[in-house]
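Raw contents of input.txt, compact mmCIF, C-alpha atoms and all ligand atoms:
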```txt
# COMPACT_ATOMS: atom_id res chain seq x y z
CA MET A 140 130.37 46.09 122.37
CA THR A 141 126.69 45.20 122.50
CA GLY A 142 124.38 46.26 119.70
CA LYS A 143 122.70 48.84 121.92
CA LYS A 144 126.02 50.44 122.96
CA LYS A 145 127.23 50.47 119.37
CA LEU A 146 124.06 52.27 118.26
CA LEU A 147 124.43 54.82 121.07
CA SER A 148 128.06 55.60 120.24
CA LEU A 149 127.13 55.94 116.56
CA ALA A 150 124.37 58.40 117.48
CA VAL A 151 126.73 60.41 119.71
CA ALA A 152 129.32 60.53 116.91
CA ALA A 153 126.68 61.71 114.41
CA VAL A 154 125.47 64.48 116.76
CA ALA A 155 129.06 65.61 117.44
CA LEU A 156 129.86 65.65 113.71
CA THR A 157 126.73 67.65 112.89
CA ALA A 158 127.40 70.13 115.71
CA GLY A 159 131.00 70.54 114.52
CA TRP A 160 129.86 71.04 110.92
CA LEU A 161 127.28 73.65 112.00
CA ALA A 162 129.74 75.54 114.20
CA PHE A 163 132.99 75.38 112.27
CA THR A 164 132.24 75.32 108.55
CA GLY A 165 131.03 78.19 106.37
CA ALA A 166 128.23 76.03 104.97
CA GLY A 167 127.21 75.05 108.51
CA ARG A 168 127.03 78.66 109.68
CA ARG A 169 125.09 79.65 106.55
CA THR A 170 122.66 76.77 107.24
CA GLN A 171 122.09 78.12 110.77
CA PHE A 172 121.46 81.60 109.34
CA ILE A 173 118.91 80.25 106.86
CA ILE A 174 117.17 78.10 109.48
CA GLY A 175 117.04 81.18 111.77
CA GLY A 176 115.45 83.18 108.95
CA ALA A 177 112.95 80.39 108.32
CA MET A 178 112.03 80.33 112.03
CA ILE A 179 111.49 84.11 112.00
CA ASN A 180 109.21 83.56 109.03
CA ILE A 181 107.27 80.93 110.97
CA GLY A 182 106.78 83.54 113.71
CA TYR A 183 105.51 86.11 111.23
CA ARG A 184 103.18 83.59 109.56
CA LEU A 185 101.78 82.56 112.98
CA GLN A 186 101.10 86.17 114.05
CA ASP A 187 100.19 87.78 110.72
CA HIS A 188 96.57 86.62 110.54
CA LEU A 189 95.76 87.42 114.19
CA ALA A 190 93.62 90.53 113.76
CA SER A 191 91.19 90.42 116.66
CA TYR A 192 93.29 89.05 119.50
CA ASP A 193 94.86 92.31 120.66
CA PHE A 194 94.30 95.37 118.49
CA GLU A 195 90.74 95.19 117.16
CA HIS A 196 90.38 96.50 113.66
CA GLY A 197 87.72 99.17 113.29
CA HIS A 198 89.05 101.08 116.33
CA GLU A 199 86.62 99.59 118.85
CA ILE A 200 89.27 99.90 121.57
CA SER A 201 90.32 103.16 123.20
CA PRO A 202 93.83 104.63 122.92
CA GLU A 203 94.49 103.79 126.59
CA GLU A 204 93.53 100.16 125.98
CA VAL A 205 95.93 100.06 123.02
CA TRP A 206 98.67 101.51 125.24
CA LYS A 207 97.98 98.86 127.92
CA GLU A 208 98.31 96.11 125.30
CA VAL A 209 101.57 97.60 123.97
CA GLN A 210 102.98 97.59 127.51
CA LEU A 211 101.93 93.97 128.03
CA GLN A 212 103.56 92.91 124.77
CA ASN A 213 106.73 94.82 125.65
CA ALA A 214 106.88 93.23 129.12
CA LEU A 215 106.76 89.79 127.52
CA ALA A 216 109.40 90.66 124.91
CA ALA A 217 111.69 92.24 127.53
CA THR A 218 111.43 89.14 129.73
CA VAL A 219 112.54 86.93 126.83
CA ARG A 220 115.39 89.38 126.04
CA LYS A 221 116.55 89.10 129.68
CA TRP A 222 116.92 85.35 129.26
CA PHE A 223 118.70 85.68 125.94
CA PRO A 224 120.83 88.86 125.91
CA ARG A 225 121.67 89.96 122.39
CA THR A 226 125.20 89.41 121.10
CA GLU A 227 126.99 92.72 120.55
CA ARG A 228 127.27 93.55 116.85
CA HIS A 229 129.11 96.11 114.85
CA PRO A 230 126.67 97.36 112.20
CA LEU A 231 127.99 97.37 108.63
CA VAL A 232 124.83 98.61 106.93
CA ALA A 233 122.64 101.66 107.47
CA MET A 234 119.18 101.78 105.93
CA VAL A 235 116.81 104.68 105.46
CA VAL A 236 113.23 103.45 105.33
CA CYS A 237 109.82 105.14 105.31
CA MET A 238 107.76 104.78 108.51
CA ASP A 239 105.10 102.74 106.64
CA ALA A 240 104.01 99.92 109.01
CA ARG A 241 103.98 97.35 106.20
CA LEU A 242 107.74 97.60 105.81
CA ASP A 243 109.51 95.39 108.30
CA THR A 244 113.26 95.75 108.10
CA ASN A 245 113.95 92.40 109.82
CA GLU A 246 111.72 90.61 107.37
CA LEU A 247 113.15 92.56 104.44
CA ILE A 248 116.58 91.09 105.09
CA GLY A 249 115.74 87.99 107.14
CA ASP A 250 118.39 89.05 109.62
CA THR A 251 117.93 89.71 113.34
CA ARG A 252 121.61 90.14 114.23
CA ARG A 253 121.56 93.94 114.20
CA TYR A 254 124.18 94.42 111.54
CA TYR A 255 121.88 97.22 110.41
CA TYR A 256 121.29 100.74 111.59
CA ILE A 257 117.76 101.71 110.61
CA ILE A 258 116.55 105.28 110.16
CA ARG A 259 112.82 105.55 109.60
CA THR A 260 111.34 108.83 108.46
CA ALA A 261 108.12 109.99 106.81
CA GLY A 262 108.58 109.32 103.09
CA SER A 263 112.24 108.25 103.60
CA VAL A 264 113.25 111.91 103.51
CA LEU A 265 116.58 112.83 105.06
CA SER A 266 116.91 115.98 107.11
CA GLU A 267 120.26 117.41 108.11
CA ARG A 268 119.97 115.48 111.37
CA GLU A 269 119.67 112.15 109.58
CA GLU A 270 122.48 113.09 107.20
CA GLU A 271 124.73 113.71 110.19
CA MET A 272 123.59 110.47 111.82
CA LEU A 273 124.49 108.53 108.64
CA GLU A 274 127.86 110.25 108.51
CA LEU A 275 128.45 109.28 112.14
CA ALA A 276 127.46 105.69 111.30
CA ALA A 277 129.98 105.66 108.42
CA GLU A 278 132.62 106.99 110.81
CA ASN A 279 131.77 104.08 113.13
CA GLY A 280 132.39 101.49 110.44
CA VAL A 281 129.27 101.32 108.27
CA GLU A 282 130.30 100.40 104.72
CA LEU A 283 126.95 100.35 102.95
CA ILE A 284 124.11 102.86 103.11
CA ILE A 285 120.81 101.83 101.51
CA ILE A 286 118.40 104.69 100.92
CA THR A 287 114.98 103.31 100.07
CA THR A 288 111.64 104.48 98.78
CA HIS A 289 108.64 102.17 98.45
CA SER A 290 105.54 101.60 96.37
CA ASP A 291 102.14 102.86 97.56
CA CYS A 292 103.80 105.44 99.85
CA ALA A 293 101.26 107.59 101.74
CA ALA A 294 103.74 110.49 101.96
CA GLU A 295 104.25 110.47 98.17
CA LYS A 296 100.48 110.31 97.64
CA ALA A 297 99.97 113.29 99.95
CA ALA A 298 102.60 115.25 98.02
CA ALA A 299 100.89 114.40 94.73
CA SER A 300 97.42 115.65 95.74
CA SER A 301 96.71 119.38 95.86
CA GLU A 302 94.09 118.91 98.56
CA MET A 303 96.44 116.85 100.74
CA ARG A 304 99.29 119.30 100.12
CA GLU A 305 97.21 121.99 101.75
CA ARG A 306 96.59 119.83 104.82
CA TYR A 307 100.15 118.51 105.10
CA PRO A 308 102.40 121.24 103.69
CA ALA A 309 105.56 120.26 105.59
CA LEU A 310 105.27 116.62 104.54
CA ALA A 311 104.66 117.57 100.90
CA LYS A 312 107.64 119.93 100.94
CA ALA A 313 109.84 117.20 102.44
CA VAL A 314 108.89 114.70 99.71
CA ASP A 315 109.59 117.40 97.07
CA GLU A 316 113.08 117.83 98.53
CA ARG A 317 113.89 114.12 98.90
CA GLU A 318 116.18 113.80 95.89
CA ALA A 319 117.96 117.09 96.64
CA ARG A 320 118.62 115.84 100.18
CA ILE A 321 120.15 112.64 98.86
CA LEU A 322 122.47 114.61 96.54
CA GLU A 323 123.35 116.89 99.45
CA PHE A 324 124.27 113.85 101.53
CA LEU A 325 126.37 112.28 98.75
CA SER A 326 128.38 115.46 98.37
CA ARG A 327 129.13 115.96 102.05
CA PRO A 328 132.89 116.52 102.51
CA ARG A 329 133.30 113.36 104.59
CA ILE A 330 130.99 111.19 102.46
CA GLY A 331 131.91 111.98 98.82
CA PRO A 332 135.62 111.11 99.18
CA GLN A 333 134.81 107.87 101.03
CA ILE A 334 132.57 106.78 98.15
CA SER A 335 135.24 107.71 95.57
CA ALA A 336 137.83 105.73 97.52
CA GLY A 337 135.59 102.64 97.55
CA ALA A 338 135.36 102.64 101.36
CA LEU A 339 131.63 103.38 101.35
CA ALA A 340 128.79 102.46 98.99
CA VAL A 341 125.41 104.19 98.81
CA LYS A 342 122.58 102.38 97.00
CA LEU A 343 119.23 103.87 96.09
CA ILE A 344 116.51 101.26 95.92
CA ASN A 345 112.73 101.01 95.75
CA ILE A 346 110.91 98.44 97.88
CA ASP A 347 107.86 96.70 96.46
CA THR A 348 105.63 97.09 99.54
CA MET A 349 103.57 93.99 98.84
CA THR A 350 106.41 91.55 98.08
CA GLU A 351 109.19 93.34 100.06
CA LYS A 352 111.49 92.87 97.09
CA MET A 353 114.26 95.46 96.78
CA LEU A 354 114.45 96.86 93.25
CA PRO A 355 117.04 99.28 91.88
CA ARG A 356 115.76 102.82 91.39
ZN ZN B 1 105.93 105.67 102.71
```
Let me see whether you can do it: turn the structure in this file into structure tokens.
Ligand SMILES: [Zn+2]
Amino acid sequence: MTGKKKLLSLAVAAVALTAGWLAFTGAGRRTQFIIGGAMINIGYRLQDHLASYDFEHGHEISPEEVWKEVQLQNALAATVRKWFPRTERHPLVAMVVCMDARLDTNELIGDTRRYYYIIRTAGSVLSEREEEMLELAAENGVELIIITTHSDCAAEKAAASSEMRERYPALAKAVDEREARILEFLSRPRIGPQISAGALAVKLINIDTMTEKMLPR
């Protein structure tokens, strides 16, 4: 074998070994997951500072112009999705998160595989509808429900100010009832026994909005 051929076969063997390690070992799959998360982060870091390219701050653009831009962005995203259809996943986790724009559930977990059902509500408050939706998710195989609150929450601030309470009475009332709603959910006839049996876990956590760290409540 000539030197060139030897080098080529060595390179092919190295590539095959690496591909096999990535695909068939636990450490290899974990490495792919982490690299994927890092690439998502690169995407966020590239876009995060772009303030004046599409949605001008200071509201210089009209609502219809914003809508046009949203449609453009969606068209681009949908085209990419067509090329790379998402793998079907069976969600194992359901998360309840406030609608605050700073909270990004993909970034929070670093996971784009859709193992998560996400319910977003004002102030992370459950209504009976969401309680039923979570129960349905548990029936469909969800094993962990994470109910979150977060720091610097506009809904909580509104509920804490008498002036704002007058302007947003329904929102304030919902925030007042948040804990009672959680207890109501935990004691539902199909939820309580599942938790006792160890088939379902419900965690209450608080998200630090600035660092996205999940802290126990
Ligand atoms: Zn909030």
Which chains and residue numbers are within 8 Å of ligand ZN 1 (chain B), counting all atoms listed in the file, if I want them as a PDB file with C-alpha atoms, in the frame of the given file?
```
ATOM      1  CA  CYS A 237     109.820 105.140 105.310  1.00  0.00           C
ATOM      2  CA  MET A 238     107.760 104.780 108.510  1.00  0.00           C
ATOM      3  CA  ASP A 239     105.100 102.740 106.640  1.00  0.00           C
ATOM      4  CA  ALA A 261     108.120 109.990 106.810  1.00  0.00           C
ATOM      5  CA  GLY A 262     108.580 109.320 103.090  1.00  0.00           C
ATOM      6  CA  SER A 263     112.240 108.250 103.600  1.00  0.00           C
ATOM      7  CA  THR A 288     111.640 104.480  98.780  1.00  0.00           C
ATOM      8  CA  HIS A 289     108.640 102.170  98.450  1.00  0.00           C
ATOM      9  CA  SER A 290     105.540 101.600  96.370  1.00  0.00           C
ATOM     10  CA  ASP A 291     102.140 102.860  97.560  1.00  0.00           C
ATOM     11  CA  CYS A 292     103.800 105.440  99.850  1.00  0.00           C
ATOM     12  CA  ALA A 293     101.260 107.590 101.740  1.00  0.00           C
ATOM     13  CA  ALA A 294     103.740 110.490 101.960  1.00  0.00           C
ATOM     14  CA  GLU A 295     104.250 110.470  98.170  1.00  0.00           C
TER      15      GLU A 295
END
```
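Within the 10 Å cut-off around Ile248 in chain A, using all atoms listed in the file and omitting residues fewer than 2 positions from it on the same chain, the listed residues are Gly176, Asp243, Thr244, Asn245, Glu246, Asp250, Thr251, Tyr255, Glu351, Lys352 and Met353 of chain A.
For the residues A:Ile200, A:Ile285, A:Leu161, A:Val209, ranking by smallest atom-to-atom distance to Val232 in chain A using only C-alpha atoms places A:Ile285 first.
In this model, the gap between CA of Arg168 in chain A and CA of Arg253 in chain A comes to 16.8 Å.
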Mind giving me the straight-line distance from CA of Glu305 in chain A to CA of Thr260 in chain A in Å, one decimal? 20.4 Å
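You will find CA of Ala298 in chain A at 6.5 Å from CA of Val314 in chain A.
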If you count all atoms listed in the file, which residues fall within 9 Å of Val264 in chain A, apart from same-chain ones fewer than 6 positions away, as a list of chain:residue names? A:Val235, A:Val236, A:Cys237, A:Thr288, A:Ala313, A:Val314, A:Glu316, A:Arg317, A:Glu318, A:Arg320, A:Ile321
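With only C-alpha atoms as the atoms that count, the residue of A:Tyr192, A:Glu267, A:Ala311, A:Thr170 with the shortest distance to Val205 in chain A is A:Tyr192.
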Applying 8 Å and only C-alpha atoms, which residues near Ile284 in chain A remain after dropping the ones on its own chain fewer than 2 positions away? List them as a compact mmCIF listing (two decimals) with C-alpha atoms, in the frame of the given file.
```txt
# COMPACT_ATOMS: atom_id res chain seq x y z
CA VAL A 232 124.83 98.61 106.93
CA ALA A 233 122.64 101.66 107.47
CA MET A 234 119.18 101.78 105.93
CA VAL A 235 116.81 104.68 105.46
CA LEU A 273 124.49 108.53 108.64
CA VAL A 281 129.27 101.32 108.27
CA GLU A 282 130.30 100.40 104.72
CA ILE A 286 118.40 104.69 100.92
CA LEU A 339 131.63 103.38 101.35
CA ALA A 340 128.79 102.46 98.99
CA VAL A 341 125.41 104.19 98.81
CA LYS A 342 122.58 102.38 97.00
```
Gly331 in chain A: which residues within 12 Å, counting only C-alpha atoms, same-chain residues fewer than 5 positions away excluded, as a tab-separated table (two decimals) with C-alpha atoms, in the frame of the given file?
```tsv
chain	number	residue	atom	x	y	z
A	274	GLU	CA	127.86	110.25	108.51
A	277	ALA	CA	129.98	105.66	108.42
A	321	ILE	CA	120.15	112.64	98.86
A	322	LEU	CA	122.47	114.61	96.54
A	323	GLU	CA	123.35	116.89	99.45
A	324	PHE	CA	124.27	113.85	101.53
A	325	LEU	CA	126.37	112.28	98.75
A	326	SER	CA	128.38	115.46	98.37
A	336	ALA	CA	137.83	105.73	97.52
A	337	GLY	CA	135.59	102.64	97.55
A	338	ALA	CA	135.36	102.64	101.36
A	339	LEU	CA	131.63	103.38	101.35
A	340	ALA	CA	128.79	102.46	98.99
A	341	VAL	CA	125.41	104.19	98.81
```
Counting all atoms listed in the file, what is within 9 Å of Gly280 in chain A, bar same-chain residues fewer than 5 positions away, as a ChimeraX atom specification? /A:229-232,275
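Once all atoms listed in the file are considered, the residues situated within 10 Å of the file point (108.3, 87.3, 113.7) turn out to be Gly176, Ala177, Met178, Ile179, Asn180, Ile181, Gly182, Tyr183, Arg184, Leu185, Gln186, Asp187, Asp243, Asn245, Glu246, Gly249 and Thr251 of chain A.
Each of A:Lys143, A:Arg329, A:Arg169, A:Arg241 was checked against Ala276 in chain A using only C-alpha atoms; the smallest atom-to-atom distance is that of A:Arg329.
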